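Worksheet: one structure, shown below.
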Amino acid sequence: MMKYRDTLLFQVHKQFEAWLAQEGPVSHEELYRFVHSLRGTAGTIGLADLSELAQTLLEQLDQQDAKPWPTHEWRDFLQELIALCYEHRPEQEILLEDPTLPQESTYDNQPLLLILDDDVTLLMYLKEYLEKQNWSVIATVYPHKALDYFHDLNPDCLILDLNIPETGGFQVMQTLSEKIKKQYVPTTIISIDCDRETRLRAYRLGADDVMCKPLDLEELTVRLERQLRRKRWMDKILFLDELTGVYNRNCFADTYQKLLADSMRSHAPFSLAFLDIDHFKKVNDTYGHLVGDVVLSRFAAFIRGSAEKQDVFFRYGGEEFILLMPRTSVQEAQLRLERMLRDFRDLSFEASEGTFSLSFSAGVVQIEDAQKPLAYWIDAADTALYSAKNAGRCRIEAAVRSADPDTRTVKLKVAIIDDDPLICAVLADSARASLDGWIHSDIRTYHEGAAFFASSWHQGPEAYLIILDGIMPQMDGLDVLRRIRNLPNSKQYTVLMLTGRSGEQDIAQALQLGADDYMTKPFSTKELEARIKRLVKRMM
């Protein structure tokens with residue numbers, strides 16, 4: 001019976017591929033015939049769930065007038081069927097969740113661990129083992145990438161080896177020591193060298209734990225769990241951002257609700273502004289992260305000192321801040337922020353390379369409907385902020401809401417490069433699910449690397465997320481990654497590599513070529529969506 005099931009699933013897969021490849025729509029008769037045939041065959045060979053779903057789809061088709069089915073329409077109509085076929089596929093590349101089960105996922109709330117170690121074999125083993133504990137793991141062999149990840153991703157825990165070529169683990173610790181202490185990031189040292197002086201030096205630099213290689217992974221897990229519990233407790237009781245001294249996101253939603261309630265009672269205007277320091281990543285790249293931290297602190301102090309007494313200022317993430325402005329209309333908010341911008345541009349910042357000045361951009365929106373969720377108004381202000389940046393930065397834009405979502409400015413481009421058209425479609429659906437209602441994105445699929453590079457689409461000014469299959473028949477995924485990292489705008493690209501390879505050499509090459517993360521097949525679509533969200537938060 002398994003032979004017949006595999007044959008049916010293969011035929012279904014080929015039919016989907018053929019429809020995706022054809023230029024015109026699928027006829028109503030062809031679609032009906034396909035679903036009708038699938039219902040009977042699947043039921044005969046024991047695929048009852050597939051047969052029942054096909055019956056449901058047939059009933060829906062019976063209630064509709066005959067019409068041509070463009071690709072996006074039949075894909076949406078058959079999406080659940082596609083997922084179920086992949087669940088039955090004998091050699092899955094992606095594990096799709098049971099559509100009958102609740103779609104809540106724990107992936108979004110997983111602690112994030114950052115690991116730095118030049119031993120790729122151990123790095124891969126640790127990543128796989130710790131991810132099985134329901135933790136997210138970013139792993140790298142490069143100290144400079146570890147430093148970037150630390151500042152951009154705000155990990156919940158840092159694990160690093162001391163014996164790293166060129167820049168040793170102690171040098172990394174020294175660079176991060178102040179930030180580790182201020183933001184309380186539990187840090188575990190792993191090393192072959194575990195003598196007393198080494199341990200004492202690690203503790204003095206802020207390490208919370210030291211473990212000797214070879215590692216007892218069960219003990220490592222227990223120690224990390226203890227550190228993460230302590231960090232969760234600290235995060236809950238602290239409402240101030242340690243670096244800037246302004247409020248953090250822990251109390252943002254509650255404060256918003258209180259101010260909104262006051263606004264509704266008093267019928268006073270209430271505005272929300274989304275602020276972002278212009279070219280902040282360039283500051284970090286040019287002057288270093290320590291100078292970047294000084295910039296963030298001074299910017300926060302400046303805005304807080306310039307704001308009205310009733311305003312409440314939050315660090316939302318990275319160089320992004322939100323200013324809640326009660327009893328303030330959007331016109332008043334825009335004028336006040338423009339005055340702040342003029343004054344902020346007059347400030348000077350010191351670095352060893354010389355002095356420099358900065359500006360910021362902002363988007364502002366007036367809260368006019370208490371029934372709309374907070375996320376709606378944040379998106380409105382964020383969209384206005386993006387318009388300000390597209391218009392040249394150093395400006396304040398008021399939000400203009402449109403009923404047509406397609407009029408919004410694209411903030412992120414997502415390219416999925418995989419030689420399997422159906423896998424491309426499933427990955428595109430995951431990307432949409434990750435970004436829908438959060439970031440307006442342009443998602444495109446390519447069956448090979450050459451097609452991606454032949455398009456001028458990849459040369460725009462936007463940020464790019466590339467979801468890349470590691471094994472393709474013409475241009476290998478590693479070749480695509482290598483070429484991306486040689487592009488003049490390579491810093492705009494974040495690459496998530498999907499690999500079925502178990503050999504450490506291929507994953508090592510991917511990490512050495514600058515892949516920002518990798519996932520080994522098979523993996524869950526919910527885990528993929530969580531990874532996409534995490535990477536995009538870092539990018540944006």
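Residue names in the structure tokens use chain letters A, B, ... in the order shown, residue numbers from 1 in each chain, and ligand numbers from 1 in the order shown.
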
Determine which residues of stretch 353-412 of chain A DSSP labels as helix (DSSP H, G or I) from the backbone of this structure, then write them out as a short mmCIF file (atom, residue, chain, number, x, y, z; two decimals) with C-alpha atoms, in the first residue's frame.
data_model
loop_
_atom_site.label_atom_id
_atom_site.label_comp_id
_atom_site.auth_asym_id
_atom_site.auth_seq_id
_atom_site.Cartn_x
_atom_site.Cartn_y
_atom_site.Cartn_z
CA LEU A 374 -2.12 49.17 19.57
CA ALA A 375 -0.35 47.26 16.75
CA TYR A 376 -2.48 49.16 14.21
CA TRP A 377 -1.25 52.55 15.43
CA ILE A 378 2.37 51.40 15.74
CA ASP A 379 2.20 50.20 12.12
CA ALA A 380 0.74 53.56 11.07
CA ALA A 381 3.54 55.51 12.75
CA ASP A 382 6.15 53.05 11.48
CA THR A 383 4.88 53.42 7.91
CA ALA A 384 5.12 57.21 8.23
CA LEU A 385 8.64 56.81 9.62
CA TYR A 386 9.59 54.71 6.60
CA SER A 387 8.17 57.39 4.30
CA ALA A 388 10.36 59.94 6.07
CA LYS A 389 13.43 57.78 5.47
CA ASN A 390 12.51 57.26 1.80
CA PRO A 405 -2.72 47.89 1.67
CA ASP A 406 -0.96 47.80 -1.69
CA THR A 407 -0.36 51.58 -1.54
#

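Taking only C-alpha atoms, the non-local environment of A:Pro70 within 9 Å (same-chain residues fewer than 4 positions away omitted) comprises Gly24, Pro25, Val26, Ser27, Trp74 and Arg75 of chain A.
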
Okay, now the selection with N, CA and C atoms, as a compact mmCIF listing (two decimals), in the first residue's frame?
# COMPACT_ATOMS: atom_id res chain seq x y z
N GLY A 24 -0.82 30.70 -17.94
CA GLY A 24 -2.21 31.08 -17.78
C GLY A 24 -2.85 30.46 -16.55
N PRO A 25 -4.13 30.79 -16.32
CA PRO A 25 -4.85 30.22 -15.17
C PRO A 25 -5.21 28.76 -15.40
N VAL A 26 -5.59 28.09 -14.32
CA VAL A 26 -6.08 26.71 -14.38
C VAL A 26 -7.59 26.78 -14.60
N SER A 27 -8.10 25.96 -15.51
CA SER A 27 -9.54 25.99 -15.78
C SER A 27 -10.31 25.37 -14.61
N TRP A 74 -5.88 29.57 -6.95
CA TRP A 74 -5.92 28.13 -6.70
C TRP A 74 -4.95 27.72 -5.59
N ARG A 75 -3.85 28.47 -5.45
CA ARG A 75 -2.92 28.17 -4.35
C ARG A 75 -3.58 28.42 -3.00

By how many Å are atom CA of A:Leu358 and atom CA of A:Ala301 apart? 14.6 Å

Extract, using only C-alpha atoms, all DNA, RNA and protein residues at most 10 Å from A:Gln505, discarding same-chain residues fewer than 5 positions from it, and format them as a ChimeraX atom specification. /A:120-121,510-511

Export of the given selection (C-alpha atoms) as a PDB file, in the first residue's frame:
ATOM      1  CA  VAL A 120      32.366  23.951  13.759  1.00  0.00           C
ATOM      2  CA  THR A 121      31.632  20.367  14.757  1.00  0.00           C
ATOM      3  CA  ALA A 510      27.886  28.531   4.922  1.00  0.00           C
ATOM      4  CA  LEU A 511      28.875  30.099   8.250  1.00  0.00           C
TER       5      LEU A 511
END

Among stretch 178-345 of chain A, which ones does DSSP place in strand (DSSP E), written as JSON, numbers by chain? {"A": [187, 188, 189, 190, 191, 209, 210, 211, 212, 270, 271, 272, 273, 274, 275, 276, 277, 312, 313, 314, 315, 316, 317, 320, 321, 322, 323, 324, 325, 326]}

Can those selected residues be exported to a file as a short mmCIF file (atom, residue, chain, number, x, y, z; two decimals), in the first residue's frame so that it contains N, CA, C and O atoms?
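Everything below was put into part39.cif:
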data_model
loop_
_atom_site.label_atom_id
_atom_site.label_comp_id
_atom_site.auth_asym_id
_atom_site.auth_seq_id
_atom_site.Cartn_x
_atom_site.Cartn_y
_atom_site.Cartn_z
N THR A 187 26.32 34.88 30.86
CA THR A 187 27.42 34.50 29.99
C THR A 187 28.12 33.26 30.52
O THR A 187 28.52 33.24 31.69
N THR A 188 28.25 32.27 29.65
CA THR A 188 28.93 31.02 30.01
C THR A 188 30.16 30.85 29.14
O THR A 188 30.07 30.91 27.91
N ILE A 189 31.29 30.65 29.79
CA ILE A 189 32.55 30.37 29.09
C ILE A 189 32.71 28.86 28.96
O ILE A 189 32.51 28.12 29.93
N ILE A 190 33.06 28.40 27.76
CA ILE A 190 33.40 26.99 27.56
C ILE A 190 34.83 26.93 27.02
O ILE A 190 35.17 27.64 26.09
N SER A 191 35.67 26.11 27.65
CA SER A 191 37.09 26.12 27.27
C SER A 191 37.78 24.84 27.68
O SER A 191 37.38 24.17 28.65
N ASP A 209 29.39 31.80 34.45
CA ASP A 209 29.70 30.38 34.61
C ASP A 209 30.86 30.02 33.71
O ASP A 209 31.08 30.67 32.67
N VAL A 210 31.61 29.01 34.11
CA VAL A 210 32.71 28.48 33.30
C VAL A 210 32.57 26.96 33.27
O VAL A 210 32.45 26.33 34.33
N MET A 211 32.58 26.39 32.06
CA MET A 211 32.50 24.94 31.93
C MET A 211 33.66 24.44 31.09
O MET A 211 34.05 25.08 30.11
N CYS A 212 34.20 23.30 31.50
CA CYS A 212 35.37 22.74 30.83
C CYS A 212 34.96 21.77 29.73
O CYS A 212 34.00 21.00 29.88
N PHE A 270 -4.53 62.50 21.33
CA PHE A 270 -3.48 61.62 21.84
C PHE A 270 -2.68 61.13 20.62
O PHE A 270 -3.25 60.54 19.70
N SER A 271 -1.37 61.39 20.63
CA SER A 271 -0.54 61.02 19.47
C SER A 271 0.58 60.07 19.89
O SER A 271 1.02 60.06 21.04
N LEU A 272 1.02 59.31 18.90
CA LEU A 272 2.12 58.36 19.09
C LEU A 272 3.16 58.62 18.01
O LEU A 272 2.81 58.70 16.82
N ALA A 273 4.42 58.75 18.41
CA ALA A 273 5.50 59.01 17.46
C ALA A 273 6.52 57.88 17.51
O ALA A 273 6.90 57.41 18.58
N PHE A 274 6.95 57.46 16.34
CA PHE A 274 7.96 56.40 16.18
C PHE A 274 9.23 57.09 15.70
O PHE A 274 9.25 57.67 14.61
N LEU A 275 10.30 57.04 16.49
CA LEU A 275 11.55 57.74 16.17
C LEU A 275 12.67 56.75 15.89
O LEU A 275 12.75 55.69 16.52
N ASP A 276 13.55 57.13 14.97
CA ASP A 276 14.67 56.26 14.59
C ASP A 276 15.87 57.15 14.25
O ASP A 276 15.75 58.09 13.46
N ILE A 277 17.01 56.86 14.86
CA ILE A 277 18.23 57.62 14.57
C ILE A 277 18.69 57.30 13.15
O ILE A 277 18.83 56.13 12.78
N VAL A 312 5.59 60.33 27.55
CA VAL A 312 6.28 59.15 28.07
C VAL A 312 7.11 58.55 26.94
O VAL A 312 6.60 58.28 25.84
N PHE A 313 8.39 58.31 27.22
CA PHE A 313 9.37 57.92 26.20
C PHE A 313 9.84 56.50 26.45
O PHE A 313 10.18 56.13 27.59
N PHE A 314 9.88 55.69 25.38
CA PHE A 314 10.26 54.28 25.48
C PHE A 314 11.34 53.95 24.45
O PHE A 314 11.31 54.46 23.32
N ARG A 315 12.25 53.07 24.86
CA ARG A 315 13.12 52.45 23.86
C ARG A 315 12.40 51.20 23.36
O ARG A 315 12.14 50.28 24.12
N TYR A 316 12.10 51.19 22.07
CA TYR A 316 11.30 50.11 21.50
C TYR A 316 12.18 48.95 21.04
O TYR A 316 11.77 47.80 21.03
N GLY A 317 13.41 49.26 20.66
CA GLY A 317 14.34 48.23 20.21
C GLY A 317 15.43 48.84 19.37
O GLY A 317 15.17 49.67 18.49
N GLU A 320 15.39 52.36 17.74
CA GLU A 320 14.01 52.77 17.59
C GLU A 320 13.41 53.14 18.95
O GLU A 320 13.59 52.42 19.93
N PHE A 321 12.68 54.24 18.97
CA PHE A 321 12.05 54.74 20.20
C PHE A 321 10.60 55.14 19.89
O PHE A 321 10.27 55.47 18.76
N ILE A 322 9.77 55.10 20.92
CA ILE A 322 8.39 55.56 20.78
C ILE A 322 8.11 56.62 21.84
O ILE A 322 8.47 56.45 23.01
N LEU A 323 7.50 57.70 21.41
CA LEU A 323 7.12 58.79 22.31
C LEU A 323 5.59 58.87 22.32
O LEU A 323 4.96 59.13 21.29
N LEU A 324 5.00 58.60 23.49
CA LEU A 324 3.56 58.76 23.67
C LEU A 324 3.30 60.20 24.10
O LEU A 324 3.89 60.68 25.08
N MET A 325 2.39 60.87 23.37
CA MET A 325 2.19 62.31 23.56
C MET A 325 0.72 62.60 23.86
O MET A 325 -0.06 62.92 22.96
N PRO A 326 0.30 62.47 25.11
CA PRO A 326 -1.09 62.77 25.47
C PRO A 326 -1.39 64.25 25.33
O PRO A 326 -0.49 65.10 25.39
#

For stretch 283-288 of chain A, find every residue with an atom within 9 Å (counting only C-alpha atoms), except residues of its own chain fewer than 6 positions away, and show them as a ChimeraX atom specification. /A:295,351-353

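Here atom CA of A:Asp119 and atom CA of A:Asp161 stand 9.0 Å from one another.
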
Quick one: everything within 9 Å of A:Phe170, counting only C-alpha atoms, minus sequence neighbours fewer than 4 positions away in the same chain. Send it as a VMD selection string. chain A and resid 161 to 163 174 to 175 201 to 202 205

Save out the residues we just selected, C-alpha atoms, as a JSON list (two decimals), in the first residue's frame.
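Wrote part-v6.json, looks like this:
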[["chain", "number", "residue", "atom", "x", "y", "z"],
["A", 161, "ASP", "CA", 34.90, 29.65, 23.74],
["A", 162, "LEU", "CA", 38.10, 31.29, 24.94],
["A", 163, "ASN", "CA", 40.38, 29.79, 22.30],
["A", 174, "GLN", "CA", 36.40, 42.70, 27.32],
["A", 175, "THR", "CA", 34.55, 44.40, 24.45],
["A", 201, "ARG", "CA", 39.83, 36.25, 34.84],
["A", 202, "ALA", "CA", 36.57, 35.13, 33.19],
["A", 205, "LEU", "CA", 35.14, 40.17, 33.12]]

Just want the 9 Å neighbourhood of A:Leu116, counted on only C-alpha atoms, with same-chain residues fewer than 4 positions away dropped. Output as a PyMOL selection string. chain A and resi 123+138-143+146+158-161+164+169

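Atom CA of A:Asn134 sits 28.4 Å away from atom CA of A:Leu81.
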
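The smallest atom-to-atom distance between A:Ile466 and any of A:Gln60, A:Gln227, A:Thr494, A:Thr445, using only C-alpha atoms, is found for A:Thr494.
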
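Using only C-alpha atoms, the contacts of stretch 342-350 of chain A at a cut-off of 9 Å, with sequence neighbours closer than 3 positions omitted, comprise A:Val291, A:Val294, A:Val295, A:Phe299, A:Phe302, A:Ile303, A:Leu337, A:Glu338, A:Arg339, A:Glu353, A:Gly354, A:Thr355, A:Phe356, A:Ser357, A:Leu358, A:Ser359, A:Phe360, A:Cys394.
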
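Nearest to A:Glu527 of all the residues A:Gln15, A:Gln133, A:Gln79, A:Ser430 is A:Ser430, based on only C-alpha atoms.
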
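Among the candidate residues A:Asp262, A:Asp156, A:Asp117, A:Asp293, the one lying nearest to A:Arg229 is A:Asp156, with distances computed using only C-alpha atoms.
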
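The nearest approach to A:His13 among the residues A:Ala530, A:Leu84, A:Leu58, A:Ala370, with only C-alpha atoms taken into account, belongs to A:Leu84.
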